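J.: I'm passing along input02.cif; it holds mmCIF, N, CA and C atoms.
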data_my_file
#
loop_
_atom_site.label_atom_id
_atom_site.label_comp_id
_atom_site.auth_asym_id
_atom_site.auth_seq_id
_atom_site.Cartn_x
_atom_site.Cartn_y
_atom_site.Cartn_z
N MET V 294 15.30 3.07 -9.37
CA MET V 294 16.29 2.13 -8.91
C MET V 294 16.13 0.84 -9.71
N THR V 295 17.22 0.19 -10.00
CA THR V 295 17.20 -1.06 -10.75
C THR V 295 16.71 -2.21 -9.87
N LYS V 296 16.32 -3.29 -10.52
CA LYS V 296 15.88 -4.47 -9.78
C LYS V 296 16.98 -4.97 -8.86
N SER V 297 18.22 -5.03 -9.36
CA SER V 297 19.32 -5.51 -8.51
C SER V 297 19.58 -4.54 -7.36
N GLY V 298 19.37 -3.26 -7.58
CA GLY V 298 19.54 -2.27 -6.52
C GLY V 298 18.50 -2.43 -5.42
N ILE V 299 17.26 -2.71 -5.83
CA ILE V 299 16.19 -2.93 -4.86
C ILE V 299 16.49 -4.18 -4.04
N ILE V 300 16.90 -5.25 -4.73
CA ILE V 300 17.21 -6.50 -4.04
C ILE V 300 18.33 -6.27 -3.03
N GLU V 301 19.37 -5.58 -3.46
CA GLU V 301 20.51 -5.31 -2.57
C GLU V 301 20.11 -4.44 -1.38
N GLU V 302 19.28 -3.43 -1.64
CA GLU V 302 18.87 -2.51 -0.57
C GLU V 302 17.98 -3.19 0.47
N LEU V 303 17.11 -4.09 0.03
CA LEU V 303 16.15 -4.71 0.95
C LEU V 303 16.69 -5.97 1.65
N THR V 304 17.56 -6.71 0.99
CA THR V 304 18.07 -7.95 1.58
C THR V 304 18.87 -7.65 2.84
N GLY V 305 18.52 -8.32 3.92
CA GLY V 305 19.19 -8.13 5.21
C GLY V 305 18.59 -7.02 6.06
N LYS V 306 17.61 -6.32 5.52
CA LYS V 306 16.99 -5.21 6.24
C LYS V 306 15.97 -5.72 7.25
N ALA V 307 16.00 -5.14 8.44
CA ALA V 307 15.01 -5.47 9.46
C ALA V 307 13.69 -4.76 9.14
N LEU V 308 12.60 -5.46 9.37
CA LEU V 308 11.28 -4.88 9.14
C LEU V 308 10.98 -3.88 10.24
N PRO V 309 10.37 -2.74 9.89
CA PRO V 309 9.91 -1.82 10.94
C PRO V 309 8.70 -2.43 11.65
N ASP V 310 8.51 -2.07 12.90
CA ASP V 310 7.39 -2.59 13.68
C ASP V 310 6.14 -1.78 13.35
N VAL V 311 5.48 -2.17 12.26
CA VAL V 311 4.28 -1.50 11.77
C VAL V 311 3.16 -2.53 11.74
N ALA V 312 2.07 -2.25 12.44
CA ALA V 312 0.92 -3.15 12.44
C ALA V 312 0.02 -2.82 11.25
N LEU V 313 -0.27 -3.84 10.46
CA LEU V 313 -1.13 -3.67 9.29
C LEU V 313 -2.40 -4.50 9.47
N PRO V 314 -3.55 -3.95 9.07
CA PRO V 314 -4.78 -4.73 9.15
C PRO V 314 -4.77 -5.86 8.13
N ALA V 315 -5.25 -7.03 8.56
CA ALA V 315 -5.32 -8.21 7.70
C ALA V 315 -6.78 -8.56 7.44
N THR V 316 -7.00 -9.27 6.35
CA THR V 316 -8.36 -9.64 5.98
C THR V 316 -8.99 -10.65 6.92
N ASP V 317 -8.20 -11.26 7.79
CA ASP V 317 -8.78 -12.20 8.77
C ASP V 317 -9.18 -11.49 10.07
N GLY V 318 -9.12 -10.16 10.08
CA GLY V 318 -9.54 -9.38 11.24
C GLY V 318 -8.44 -9.08 12.24
N THR V 319 -7.25 -9.59 12.01
CA THR V 319 -6.14 -9.34 12.93
C THR V 319 -5.32 -8.14 12.44
N GLU V 320 -4.39 -7.71 13.28
CA GLU V 320 -3.38 -6.74 12.88
C GLU V 320 -2.06 -7.48 12.93
N VAL V 321 -1.23 -7.30 11.90
CA VAL V 321 0.00 -8.06 11.78
C VAL V 321 1.19 -7.12 11.67
N SER V 322 2.17 -7.32 12.54
CA SER V 322 3.46 -6.66 12.40
C SER V 322 4.44 -7.72 11.93
N LEU V 323 4.89 -7.60 10.69
CA LEU V 323 5.82 -8.58 10.14
C LEU V 323 7.12 -8.63 10.93
N ALA V 324 7.47 -7.55 11.59
CA ALA V 324 8.69 -7.49 12.40
C ALA V 324 8.60 -8.40 13.62
N GLN V 325 7.39 -8.69 14.07
CA GLN V 325 7.19 -9.45 15.30
C GLN V 325 6.99 -10.95 15.08
N LEU V 326 6.93 -11.38 13.83
CA LEU V 326 6.65 -12.78 13.54
C LEU V 326 7.92 -13.62 13.58
N SER V 327 7.81 -14.79 14.21
CA SER V 327 8.96 -15.70 14.24
C SER V 327 8.84 -16.70 13.10
N GLY V 328 9.97 -17.24 12.72
CA GLY V 328 10.00 -18.19 11.63
C GLY V 328 10.03 -17.49 10.29
N ILE V 329 9.70 -18.23 9.25
CA ILE V 329 9.77 -17.71 7.88
C ILE V 329 8.38 -17.28 7.42
N THR V 330 8.32 -16.07 6.89
CA THR V 330 7.10 -15.50 6.36
C THR V 330 7.35 -15.11 4.91
N VAL V 331 6.44 -15.46 4.02
CA VAL V 331 6.52 -15.06 2.62
C VAL V 331 5.45 -13.99 2.39
N VAL V 332 5.88 -12.84 1.86
CA VAL V 332 4.96 -11.74 1.57
C VAL V 332 5.12 -11.37 0.10
N TYR V 333 4.03 -11.44 -0.63
CA TYR V 333 4.09 -10.98 -2.02
C TYR V 333 3.28 -9.68 -2.11
N ALA V 334 3.94 -8.66 -2.61
CA ALA V 334 3.29 -7.36 -2.80
C ALA V 334 2.83 -7.27 -4.25
N TYR V 335 1.71 -6.64 -4.44
CA TYR V 335 1.16 -6.46 -5.79
C TYR V 335 0.47 -5.11 -5.86
N PRO V 336 0.33 -4.55 -7.07
CA PRO V 336 -0.28 -3.22 -7.18
C PRO V 336 -1.73 -3.17 -6.72
N ARG V 337 -2.61 -3.94 -7.37
CA ARG V 337 -4.03 -3.93 -7.00
C ARG V 337 -4.77 -4.94 -7.83
N THR V 338 -5.91 -5.37 -7.33
CA THR V 338 -6.82 -6.16 -8.15
C THR V 338 -7.99 -5.25 -8.50
N SER V 339 -8.42 -5.33 -9.74
CA SER V 339 -9.55 -4.51 -10.17
C SER V 339 -10.84 -5.07 -9.59
N PRO V 340 -11.78 -4.19 -9.27
CA PRO V 340 -13.08 -4.68 -8.80
C PRO V 340 -13.73 -5.55 -9.87
N PRO V 341 -14.47 -6.59 -9.44
CA PRO V 341 -15.12 -7.46 -10.42
C PRO V 341 -16.10 -6.67 -11.28
N ASN V 342 -16.17 -7.04 -12.52
CA ASN V 342 -17.10 -6.42 -13.48
C ASN V 342 -16.82 -4.95 -13.74
N GLU V 343 -15.62 -4.49 -13.41
CA GLU V 343 -15.23 -3.12 -13.74
C GLU V 343 -13.95 -3.17 -14.54
N PRO V 344 -13.79 -2.23 -15.46
CA PRO V 344 -12.55 -2.22 -16.24
C PRO V 344 -11.37 -1.78 -15.37
N PRO V 345 -10.15 -2.14 -15.76
CA PRO V 345 -8.98 -1.68 -15.02
C PRO V 345 -8.80 -0.16 -15.19
N ILE V 346 -7.89 0.40 -14.45
CA ILE V 346 -7.54 1.81 -14.56
C ILE V 346 -7.16 2.10 -16.01
N GLU V 347 -7.55 3.25 -16.51
CA GLU V 347 -7.19 3.63 -17.87
C GLU V 347 -5.67 3.61 -18.02
N GLY V 348 -5.20 2.95 -19.06
CA GLY V 348 -3.77 2.84 -19.32
C GLY V 348 -3.06 1.74 -18.54
N TRP V 349 -3.82 0.97 -17.76
CA TRP V 349 -3.24 -0.07 -16.89
C TRP V 349 -2.38 -1.06 -17.68
N ASP V 350 -2.88 -1.47 -18.82
CA ASP V 350 -2.16 -2.47 -19.61
C ASP V 350 -0.85 -1.94 -20.19
N GLN V 351 -0.67 -0.64 -20.20
CA GLN V 351 0.57 -0.07 -20.73
C GLN V 351 1.64 0.12 -19.63
N ILE V 352 1.28 -0.10 -18.39
CA ILE V 352 2.23 0.04 -17.28
C ILE V 352 2.97 -1.29 -17.13
N PRO V 353 4.28 -1.31 -17.36
CA PRO V 353 5.02 -2.57 -17.26
C PRO V 353 4.86 -3.22 -15.87
N GLY V 354 4.47 -4.48 -15.88
CA GLY V 354 4.35 -5.23 -14.64
C GLY V 354 3.07 -5.00 -13.85
N ALA V 355 2.19 -4.14 -14.34
CA ALA V 355 0.97 -3.85 -13.58
C ALA V 355 -0.06 -4.97 -13.70
N ARG V 356 -0.28 -5.42 -14.91
CA ARG V 356 -1.31 -6.43 -15.15
C ARG V 356 -0.87 -7.79 -14.59
N GLY V 357 -1.82 -8.53 -14.04
CA GLY V 357 -1.53 -9.89 -13.59
C GLY V 357 -1.62 -10.11 -12.10
N CYS V 358 -2.21 -9.19 -11.35
CA CYS V 358 -2.28 -9.33 -9.89
C CYS V 358 -3.18 -10.49 -9.47
N THR V 359 -4.30 -10.68 -10.15
CA THR V 359 -5.18 -11.78 -9.81
C THR V 359 -4.50 -13.13 -10.08
N PRO V 360 -3.89 -13.33 -11.27
CA PRO V 360 -3.16 -14.59 -11.48
C PRO V 360 -2.02 -14.78 -10.48
N GLN V 361 -1.36 -13.69 -10.08
CA GLN V 361 -0.29 -13.80 -9.09
C GLN V 361 -0.86 -14.34 -7.77
N SER V 362 -1.96 -13.78 -7.31
CA SER V 362 -2.58 -14.25 -6.06
C SER V 362 -3.03 -15.70 -6.19
N LYS V 363 -3.63 -16.05 -7.33
CA LYS V 363 -4.05 -17.43 -7.55
C LYS V 363 -2.84 -18.37 -7.54
N GLY V 364 -1.72 -17.92 -8.09
CA GLY V 364 -0.50 -18.74 -8.09
C GLY V 364 0.00 -19.01 -6.68
N PHE V 365 0.00 -17.99 -5.84
CA PHE V 365 0.42 -18.20 -4.45
C PHE V 365 -0.56 -19.13 -3.73
N ALA V 366 -1.85 -19.01 -4.05
CA ALA V 366 -2.84 -19.91 -3.45
C ALA V 366 -2.60 -21.35 -3.91
N GLU V 367 -2.33 -21.54 -5.19
CA GLU V 367 -2.07 -22.88 -5.73
C GLU V 367 -0.86 -23.53 -5.06
N HIS V 368 0.14 -22.73 -4.76
CA HIS V 368 1.40 -23.25 -4.21
C HIS V 368 1.50 -23.07 -2.70
N PHE V 369 0.42 -22.67 -2.06
CA PHE V 369 0.42 -22.39 -0.63
C PHE V 369 0.94 -23.57 0.19
N ASP V 370 0.40 -24.75 -0.03
CA ASP V 370 0.84 -25.93 0.73
C ASP V 370 2.32 -26.22 0.50
N SER V 371 2.77 -26.08 -0.73
CA SER V 371 4.19 -26.32 -1.05
C SER V 371 5.10 -25.31 -0.35
N ILE V 372 4.65 -24.08 -0.27
CA ILE V 372 5.43 -23.03 0.41
C ILE V 372 5.58 -23.38 1.89
N LEU V 373 4.50 -23.85 2.48
CA LEU V 373 4.56 -24.26 3.89
C LEU V 373 5.43 -25.51 4.06
N GLU V 374 5.34 -26.42 3.12
CA GLU V 374 6.12 -27.67 3.20
C GLU V 374 7.63 -27.42 3.17
N VAL V 375 8.06 -26.36 2.47
CA VAL V 375 9.51 -26.09 2.40
C VAL V 375 9.98 -25.19 3.54
N GLY V 376 9.11 -24.90 4.50
CA GLY V 376 9.57 -24.24 5.71
C GLY V 376 8.95 -22.91 6.08
N ALA V 377 8.12 -22.34 5.22
CA ALA V 377 7.47 -21.09 5.60
C ALA V 377 6.40 -21.36 6.65
N ALA V 378 6.26 -20.45 7.60
CA ALA V 378 5.23 -20.57 8.62
C ALA V 378 3.92 -19.95 8.16
N ARG V 379 4.03 -18.99 7.22
CA ARG V 379 2.84 -18.27 6.78
C ARG V 379 3.11 -17.54 5.47
N VAL V 380 2.02 -17.15 4.80
CA VAL V 380 2.06 -16.38 3.56
C VAL V 380 1.07 -15.23 3.71
N PHE V 381 1.44 -14.08 3.19
CA PHE V 381 0.53 -12.92 3.14
C PHE V 381 0.63 -12.27 1.77
N GLY V 382 -0.49 -11.77 1.27
CA GLY V 382 -0.48 -10.83 0.17
C GLY V 382 -0.37 -9.44 0.79
N LEU V 383 0.05 -8.45 0.01
CA LEU V 383 0.19 -7.08 0.50
C LEU V 383 -0.12 -6.12 -0.62
N SER V 384 -1.03 -5.19 -0.36
CA SER V 384 -1.33 -4.13 -1.33
C SER V 384 -1.73 -2.87 -0.57
N THR V 385 -1.95 -1.81 -1.33
CA THR V 385 -2.37 -0.56 -0.71
C THR V 385 -3.90 -0.40 -0.76
N GLN V 386 -4.60 -1.42 -1.22
CA GLN V 386 -6.06 -1.36 -1.21
C GLN V 386 -6.56 -1.53 0.22
N ASP V 387 -7.76 -1.01 0.49
CA ASP V 387 -8.29 -1.10 1.85
C ASP V 387 -8.73 -2.52 2.18
N THR V 388 -8.78 -2.83 3.45
CA THR V 388 -9.09 -4.17 3.93
C THR V 388 -10.47 -4.64 3.48
N GLY V 389 -11.44 -3.74 3.44
CA GLY V 389 -12.77 -4.12 2.99
C GLY V 389 -12.74 -4.67 1.58
N TYR V 390 -12.04 -4.00 0.68
CA TYR V 390 -11.94 -4.50 -0.68
C TYR V 390 -11.14 -5.80 -0.72
N GLN V 391 -10.06 -5.85 0.04
CA GLN V 391 -9.22 -7.04 0.04
C GLN V 391 -9.99 -8.27 0.52
N LYS V 392 -10.92 -8.09 1.47
CA LYS V 392 -11.73 -9.22 1.94
C LYS V 392 -12.53 -9.82 0.78
N GLU V 393 -13.06 -8.97 -0.09
CA GLU V 393 -13.79 -9.44 -1.26
C GLU V 393 -12.87 -10.27 -2.14
N VAL V 394 -11.64 -9.82 -2.32
CA VAL V 394 -10.67 -10.53 -3.16
C VAL V 394 -10.35 -11.90 -2.57
N VAL V 395 -10.11 -11.95 -1.25
CA VAL V 395 -9.80 -13.22 -0.58
C VAL V 395 -10.95 -14.20 -0.77
N GLU V 396 -12.18 -13.73 -0.63
CA GLU V 396 -13.35 -14.60 -0.81
C GLU V 396 -13.51 -15.02 -2.27
N ARG V 397 -13.44 -14.05 -3.19
CA ARG V 397 -13.65 -14.34 -4.61
C ARG V 397 -12.61 -15.30 -5.15
N LEU V 398 -11.36 -15.15 -4.73
CA LEU V 398 -10.28 -16.00 -5.23
C LEU V 398 -10.03 -17.22 -4.35
N ALA V 399 -10.78 -17.34 -3.24
CA ALA V 399 -10.63 -18.45 -2.29
C ALA V 399 -9.18 -18.58 -1.83
N LEU V 400 -8.60 -17.47 -1.41
CA LEU V 400 -7.21 -17.48 -0.96
C LEU V 400 -7.11 -18.13 0.42
N PRO V 401 -6.14 -19.02 0.62
CA PRO V 401 -6.00 -19.69 1.91
C PRO V 401 -5.14 -18.91 2.91
N PHE V 402 -4.91 -17.66 2.65
CA PHE V 402 -4.08 -16.81 3.50
C PHE V 402 -4.66 -15.39 3.47
N PRO V 403 -4.33 -14.58 4.47
CA PRO V 403 -4.83 -13.21 4.50
C PRO V 403 -4.01 -12.26 3.62
N ILE V 404 -4.63 -11.15 3.31
CA ILE V 404 -3.94 -10.05 2.62
C ILE V 404 -3.83 -8.91 3.62
N LEU V 405 -2.67 -8.27 3.63
CA LEU V 405 -2.41 -7.13 4.50
C LEU V 405 -2.63 -5.83 3.72
N SER V 406 -3.19 -4.84 4.38
CA SER V 406 -3.41 -3.54 3.76
C SER V 406 -2.39 -2.53 4.26
N ASP V 407 -1.65 -1.96 3.32
CA ASP V 407 -0.75 -0.84 3.63
C ASP V 407 -1.31 0.42 2.98
N GLU V 408 -2.60 0.63 3.20
CA GLU V 408 -3.32 1.75 2.59
C GLU V 408 -2.67 3.10 2.93
N GLN V 409 -2.11 3.21 4.12
CA GLN V 409 -1.48 4.46 4.56
C GLN V 409 0.01 4.52 4.19
N LEU V 410 0.51 3.49 3.53
CA LEU V 410 1.92 3.40 3.10
C LEU V 410 2.89 3.44 4.28
N ALA V 411 2.44 3.00 5.44
CA ALA V 411 3.29 3.01 6.63
C ALA V 411 4.47 2.06 6.47
N LEU V 412 4.21 0.84 6.06
CA LEU V 412 5.29 -0.13 5.86
C LEU V 412 6.12 0.23 4.64
N ALA V 413 5.45 0.50 3.53
CA ALA V 413 6.15 0.82 2.28
C ALA V 413 7.09 2.01 2.46
N GLY V 414 6.62 3.03 3.17
CA GLY V 414 7.44 4.22 3.39
C GLY V 414 8.65 3.95 4.26
N LYS V 415 8.44 3.27 5.37
CA LYS V 415 9.55 3.00 6.30
C LYS V 415 10.55 1.99 5.75
N LEU V 416 10.04 1.04 4.96
CA LEU V 416 10.92 -0.01 4.42
C LEU V 416 11.55 0.40 3.09
N GLY V 417 10.91 1.34 2.42
CA GLY V 417 11.42 1.76 1.11
C GLY V 417 11.00 0.83 -0.01
N LEU V 418 9.78 0.25 0.11
CA LEU V 418 9.30 -0.61 -0.96
C LEU V 418 9.04 0.22 -2.22
N PRO V 419 9.36 -0.34 -3.38
CA PRO V 419 9.13 0.42 -4.62
C PRO V 419 7.65 0.60 -4.89
N ARG V 420 7.29 1.80 -5.36
CA ARG V 420 5.90 2.17 -5.61
C ARG V 420 5.81 2.91 -6.94
N PHE V 421 4.56 3.07 -7.41
CA PHE V 421 4.31 3.88 -8.59
C PHE V 421 2.92 4.48 -8.47
N GLU V 422 2.64 5.46 -9.29
CA GLU V 422 1.34 6.14 -9.28
C GLU V 422 0.54 5.73 -10.51
N ALA V 423 -0.74 5.48 -10.31
CA ALA V 423 -1.65 5.18 -11.42
C ALA V 423 -3.08 5.43 -10.95
N GLY V 424 -3.86 6.04 -11.80
CA GLY V 424 -5.26 6.28 -11.47
C GLY V 424 -5.47 7.08 -10.21
N GLY V 425 -4.52 7.96 -9.88
CA GLY V 425 -4.62 8.77 -8.68
C GLY V 425 -4.28 8.03 -7.40
N MET V 426 -3.72 6.83 -7.52
CA MET V 426 -3.38 6.00 -6.36
C MET V 426 -1.88 5.73 -6.33
N THR V 427 -1.36 5.54 -5.13
CA THR V 427 0.01 5.07 -4.97
C THR V 427 -0.07 3.57 -4.76
N LEU V 428 0.62 2.83 -5.63
CA LEU V 428 0.52 1.38 -5.64
C LEU V 428 1.89 0.75 -5.47
N LEU V 429 1.92 -0.44 -4.91
CA LEU V 429 3.17 -1.16 -4.72
C LEU V 429 3.59 -1.85 -6.01
N THR V 430 4.88 -1.87 -6.25
CA THR V 430 5.44 -2.63 -7.35
C THR V 430 5.42 -4.10 -6.94
N ARG V 431 5.24 -4.97 -7.89
CA ARG V 431 5.20 -6.41 -7.62
C ARG V 431 6.58 -6.86 -7.11
N ILE V 432 6.58 -7.43 -5.90
CA ILE V 432 7.82 -7.90 -5.29
C ILE V 432 7.47 -8.97 -4.25
N THR V 433 8.35 -9.93 -4.04
CA THR V 433 8.13 -10.97 -3.03
C THR V 433 9.28 -10.92 -2.03
N LEU V 434 8.94 -10.96 -0.76
CA LEU V 434 9.92 -10.93 0.31
C LEU V 434 9.84 -12.22 1.11
N VAL V 435 10.99 -12.82 1.38
CA VAL V 435 11.08 -13.94 2.30
C VAL V 435 11.71 -13.39 3.57
N ILE V 436 10.92 -13.39 4.64
CA ILE V 436 11.31 -12.76 5.90
C ILE V 436 11.53 -13.86 6.94
N GLU V 437 12.63 -13.74 7.66
CA GLU V 437 12.89 -14.70 8.74
C GLU V 437 13.12 -13.93 10.02
N ASN V 438 12.25 -14.16 11.00
CA ASN V 438 12.36 -13.50 12.31
C ASN V 438 12.51 -11.99 12.16
N GLY V 439 11.70 -11.40 11.30
CA GLY V 439 11.67 -9.94 11.16
C GLY V 439 12.75 -9.33 10.28
N VAL V 440 13.54 -10.16 9.59
CA VAL V 440 14.60 -9.66 8.70
C VAL V 440 14.38 -10.23 7.31
N ILE V 441 14.50 -9.38 6.30
CA ILE V 441 14.33 -9.83 4.91
C ILE V 441 15.56 -10.64 4.52
N ARG V 442 15.33 -11.92 4.18
CA ARG V 442 16.42 -12.82 3.80
C ARG V 442 16.57 -12.94 2.29
N LYS V 443 15.45 -12.79 1.57
CA LYS V 443 15.49 -12.92 0.12
C LYS V 443 14.41 -12.03 -0.49
N VAL V 444 14.76 -11.43 -1.62
CA VAL V 444 13.84 -10.57 -2.36
C VAL V 444 13.67 -11.16 -3.75
#
How does this structure look as structure tokens?
T.:
Amino acid sequence: MTKSGIIEELTGKALPDVALPATDGTEVSLAQLSGITVVYAYPRTSPPNEPPIEGWDQIPGARGCTPQSKGFAEHFDSILEVGAARVFGLSTQDTGYQKEVVERLALPFPILSDEQLALAGKLGLPRFEAGGMTLLTRITLVIENGVIRKV
């Protein structure tokens, strides 16, 4: 599907009521949150001191997840100042690994784990396969009261 097709398909869509584990120890259902929530999905961050998946650099849009997370952290206060109530990262990596990422990158927000693809499957988020894993395509959602307002 094209980028414009994905945007059109997701914009205005209600979030399914799926609880995802967060790195702060809570479970979060994006469908149940009031106000504006910004969620950025990314494929994965490589473990520290380990090389990326073989061929990772040849996958368009795959490289850059750590800088993406750092960028959201840098702009976190500004995002809140313009009206967002919260920010979350989202990947298919498990919560244990994501906790390491939050600590290592000093992220001021939690990351949600969709390891079982419960949200991605029900919502139709774009995905791809690499290194034997199903990973999310990089995408940012602006959600208001459980409905995607902007992609």
J.: Please provide the set of residues having any atom within 8 Å of stretch 360-376 of chain V, restricted to only N, CA and C atoms, with same-chain residues fewer than 5 positions apart removed, written as a list in words.
T.: Gly328, Ile329, Thr330, Gly382, Leu398, Ala399, Leu400, Pro401 and Phe402 of chain V
J.: Let me have the centre and edge lengths in Å, one decimal, of the box along x, y and z around every listed atom of stretch 340-358 of chain V with 4 Å of margin on each side, as JSON.
T.:
{"center_x": -6.0, "center_y": -3.4, "center_z": -14.8, "size_x": 30.1, "size_y": 22.1, "size_z": 19.9}
J.: Point out the residue among V:Pro341, V:Gly305, V:Gly357, V:Gly389 with the least atom-to-atom distance to V:Asp317, counting only C-alpha atoms.
T.: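 Once distances to V:Asp317 are computed over only C-alpha atoms, the minimum belongs to V:Gly389.
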J.: Apply the PyMOL selection byres (((chain V and resi 393 and name CA) around 12) and name CA) to the structure shown and report the selected residues as JSON, numbers by chain.
T.: {"V": [316, 317, 338, 339, 340, 341, 386, 387, 388, 389, 390, 391, 392, 394, 395, 396, 397, 398, 399, 400, 403, 404]}
J.: Could you save those same residues with N, CA and C atoms as an mmCIF file, in the frame of the given file?
T.:
data_model
loop_
_atom_site.group_PDB
_atom_site.id
_atom_site.type_symbol
_atom_site.label_atom_id
_atom_site.label_comp_id
_atom_site.auth_asym_id
_atom_site.auth_seq_id
_atom_site.Cartn_x
_atom_site.Cartn_y
_atom_site.Cartn_z
ATOM 1 N N THR V 316 -7.000 -9.270 6.350
ATOM 2 C CA THR V 316 -8.360 -9.640 5.980
ATOM 3 C C THR V 316 -8.990 -10.650 6.920
ATOM 4 N N ASP V 317 -8.200 -11.260 7.790
ATOM 5 C CA ASP V 317 -8.780 -12.200 8.770
ATOM 6 C C ASP V 317 -9.180 -11.490 10.070
ATOM 7 N N THR V 338 -5.910 -5.370 -7.330
ATOM 8 C CA THR V 338 -6.820 -6.160 -8.150
ATOM 9 C C THR V 338 -7.990 -5.250 -8.500
ATOM 10 N N SER V 339 -8.420 -5.330 -9.740
ATOM 11 C CA SER V 339 -9.550 -4.510 -10.170
ATOM 12 C C SER V 339 -10.840 -5.070 -9.590
ATOM 13 N N PRO V 340 -11.780 -4.190 -9.270
ATOM 14 C CA PRO V 340 -13.080 -4.680 -8.800
ATOM 15 C C PRO V 340 -13.730 -5.550 -9.870
ATOM 16 N N PRO V 341 -14.470 -6.590 -9.440
ATOM 17 C CA PRO V 341 -15.120 -7.460 -10.420
ATOM 18 C C PRO V 341 -16.100 -6.670 -11.280
ATOM 19 N N GLN V 386 -4.600 -1.420 -1.220
ATOM 20 C CA GLN V 386 -6.060 -1.360 -1.210
ATOM 21 C C GLN V 386 -6.560 -1.530 0.220
ATOM 22 N N ASP V 387 -7.760 -1.010 0.490
ATOM 23 C CA ASP V 387 -8.290 -1.100 1.850
ATOM 24 C C ASP V 387 -8.730 -2.520 2.180
ATOM 25 N N THR V 388 -8.780 -2.830 3.450
ATOM 26 C CA THR V 388 -9.090 -4.170 3.930
ATOM 27 C C THR V 388 -10.470 -4.640 3.480
ATOM 28 N N GLY V 389 -11.440 -3.740 3.440
ATOM 29 C CA GLY V 389 -12.770 -4.120 2.990
ATOM 30 C C GLY V 389 -12.740 -4.670 1.580
ATOM 31 N N TYR V 390 -12.040 -4.000 0.680
ATOM 32 C CA TYR V 390 -11.940 -4.500 -0.680
ATOM 33 C C TYR V 390 -11.140 -5.800 -0.720
ATOM 34 N N GLN V 391 -10.060 -5.850 0.040
ATOM 35 C CA GLN V 391 -9.220 -7.040 0.040
ATOM 36 C C GLN V 391 -9.990 -8.270 0.520
ATOM 37 N N LYS V 392 -10.920 -8.090 1.470
ATOM 38 C CA LYS V 392 -11.730 -9.220 1.940
ATOM 39 C C LYS V 392 -12.530 -9.820 0.780
ATOM 40 N N VAL V 394 -11.640 -9.820 -2.320
ATOM 41 C CA VAL V 394 -10.670 -10.530 -3.160
ATOM 42 C C VAL V 394 -10.350 -11.900 -2.570
ATOM 43 N N VAL V 395 -10.110 -11.950 -1.250
ATOM 44 C CA VAL V 395 -9.800 -13.220 -0.580
ATOM 45 C C VAL V 395 -10.950 -14.200 -0.770
ATOM 46 N N GLU V 396 -12.180 -13.730 -0.630
ATOM 47 C CA GLU V 396 -13.350 -14.600 -0.810
ATOM 48 C C GLU V 396 -13.510 -15.020 -2.270
ATOM 49 N N ARG V 397 -13.440 -14.050 -3.190
ATOM 50 C CA ARG V 397 -13.650 -14.340 -4.610
ATOM 51 C C ARG V 397 -12.610 -15.300 -5.150
ATOM 52 N N LEU V 398 -11.360 -15.150 -4.730
ATOM 53 C CA LEU V 398 -10.280 -16.000 -5.230
ATOM 54 C C LEU V 398 -10.030 -17.220 -4.350
ATOM 55 N N ALA V 399 -10.780 -17.340 -3.240
ATOM 56 C CA ALA V 399 -10.630 -18.450 -2.290
ATOM 57 C C ALA V 399 -9.180 -18.580 -1.830
ATOM 58 N N LEU V 400 -8.600 -17.470 -1.410
ATOM 59 C CA LEU V 400 -7.210 -17.480 -0.960
ATOM 60 C C LEU V 400 -7.110 -18.130 0.420
ATOM 61 N N PRO V 403 -4.330 -14.580 4.470
ATOM 62 C CA PRO V 403 -4.830 -13.210 4.500
ATOM 63 C C PRO V 403 -4.010 -12.260 3.620
ATOM 64 N N ILE V 404 -4.630 -11.150 3.310
ATOM 65 C CA ILE V 404 -3.940 -10.050 2.620
ATOM 66 C C ILE V 404 -3.830 -8.910 3.620
#
J.: Report the distance between atom N of V:Leu308 and atom CA of V:Glu422 in Å, rounded to one decimal place.
T.: 24.7 Å
J.: With distances taken over all atoms listed in the file, which residue among V:Tyr335, V:Asp407, V:Val380, V:Leu416 lies nearest V:Arg431?
T.: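 Looking only at the distances to V:Arg431, the closest residue turns out to be V:Tyr335.
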J.: Can you list, as a list in words, every protein, DNA or RNA residue that comes within 7 Å of V:Ser327 when you count only C-alpha atoms, leaving out same-chain residues fewer than 2 positions away?
T.: Gln325, Ile329, Glu437 and Asn438 of chain V
J.: May I have all residues of stretch 328-402 of chain V that DSSP, computed from the backbone, assigns to strand (DSSP E or B), given as JSON, numbers by chain?
T.: {"V": [329, 330, 331, 332, 333, 334, 377, 378, 379, 380, 381, 382, 383, 384]}
J.: Please return as number ranges by chain: the residues of chain V that backbone DSSP assigns to helix (DSSP H, G or I).
T.: V: 296-303, 323-325, 349-351, 358-367, 369-374, 388-398, 411-416
J.: Calculated over only N, CA and C atoms, which of the candidates V:Thr427, V:Asn342, V:Gln351, V:Thr319 has the smallest distance to V:Ser384?
T.: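 Among the listed residues, the smallest separation from V:Ser384 belongs to V:Thr427.
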J.: Could you tell me which residues the PyMOL selection byres (((chain V and resi 414 and name CA) around 12) and name CA) returns for this structure, as a PyMOL selection string?
T.: chain V and resi 308-309+311+385+407-413+415-420+427-429
J.: Separation of atom CA of V:Ile299 and atom C of V:Pro345, in Å?
T.: 27.2 Å
J.: When distances are computed from only C-alpha atoms, which of V:Glu343, V:Ala312, V:Leu383, V:Leu303 shows the smallest separation from V:Cys358?
T.: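 Looking only at the distances to V:Cys358, the closest residue turns out to be V:Leu383.
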J.: Enter the distance from atom C of V:Ile300 to atom N of V:Tyr333, in Å, rounded to one decimal.
T.: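 Spanning atom C of V:Ile300 to atom N of V:Tyr333 is a straight-line distance of 15.4 Å.
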J.: Which residue, V:Val440, V:Ile352, V:Asp310, V:Glu302, has the smallest gap to V:Gly424 when you use only C-alpha atoms?
T.: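 Selected residue with least distance to V:Gly424: V:Ile352.
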J.: Tell me, as a list in words, which residues lie within 8 Å of V:Val332, counting all atoms listed in the file; anything in the same chain fewer than 5 positions away does not count.
T.: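 With the cut-off at 8 Å, the set is Arg379, Val380, Phe381, Gly382, Leu383, Ile432, Thr433, Leu434, Val435 and Ile436 of chain V.
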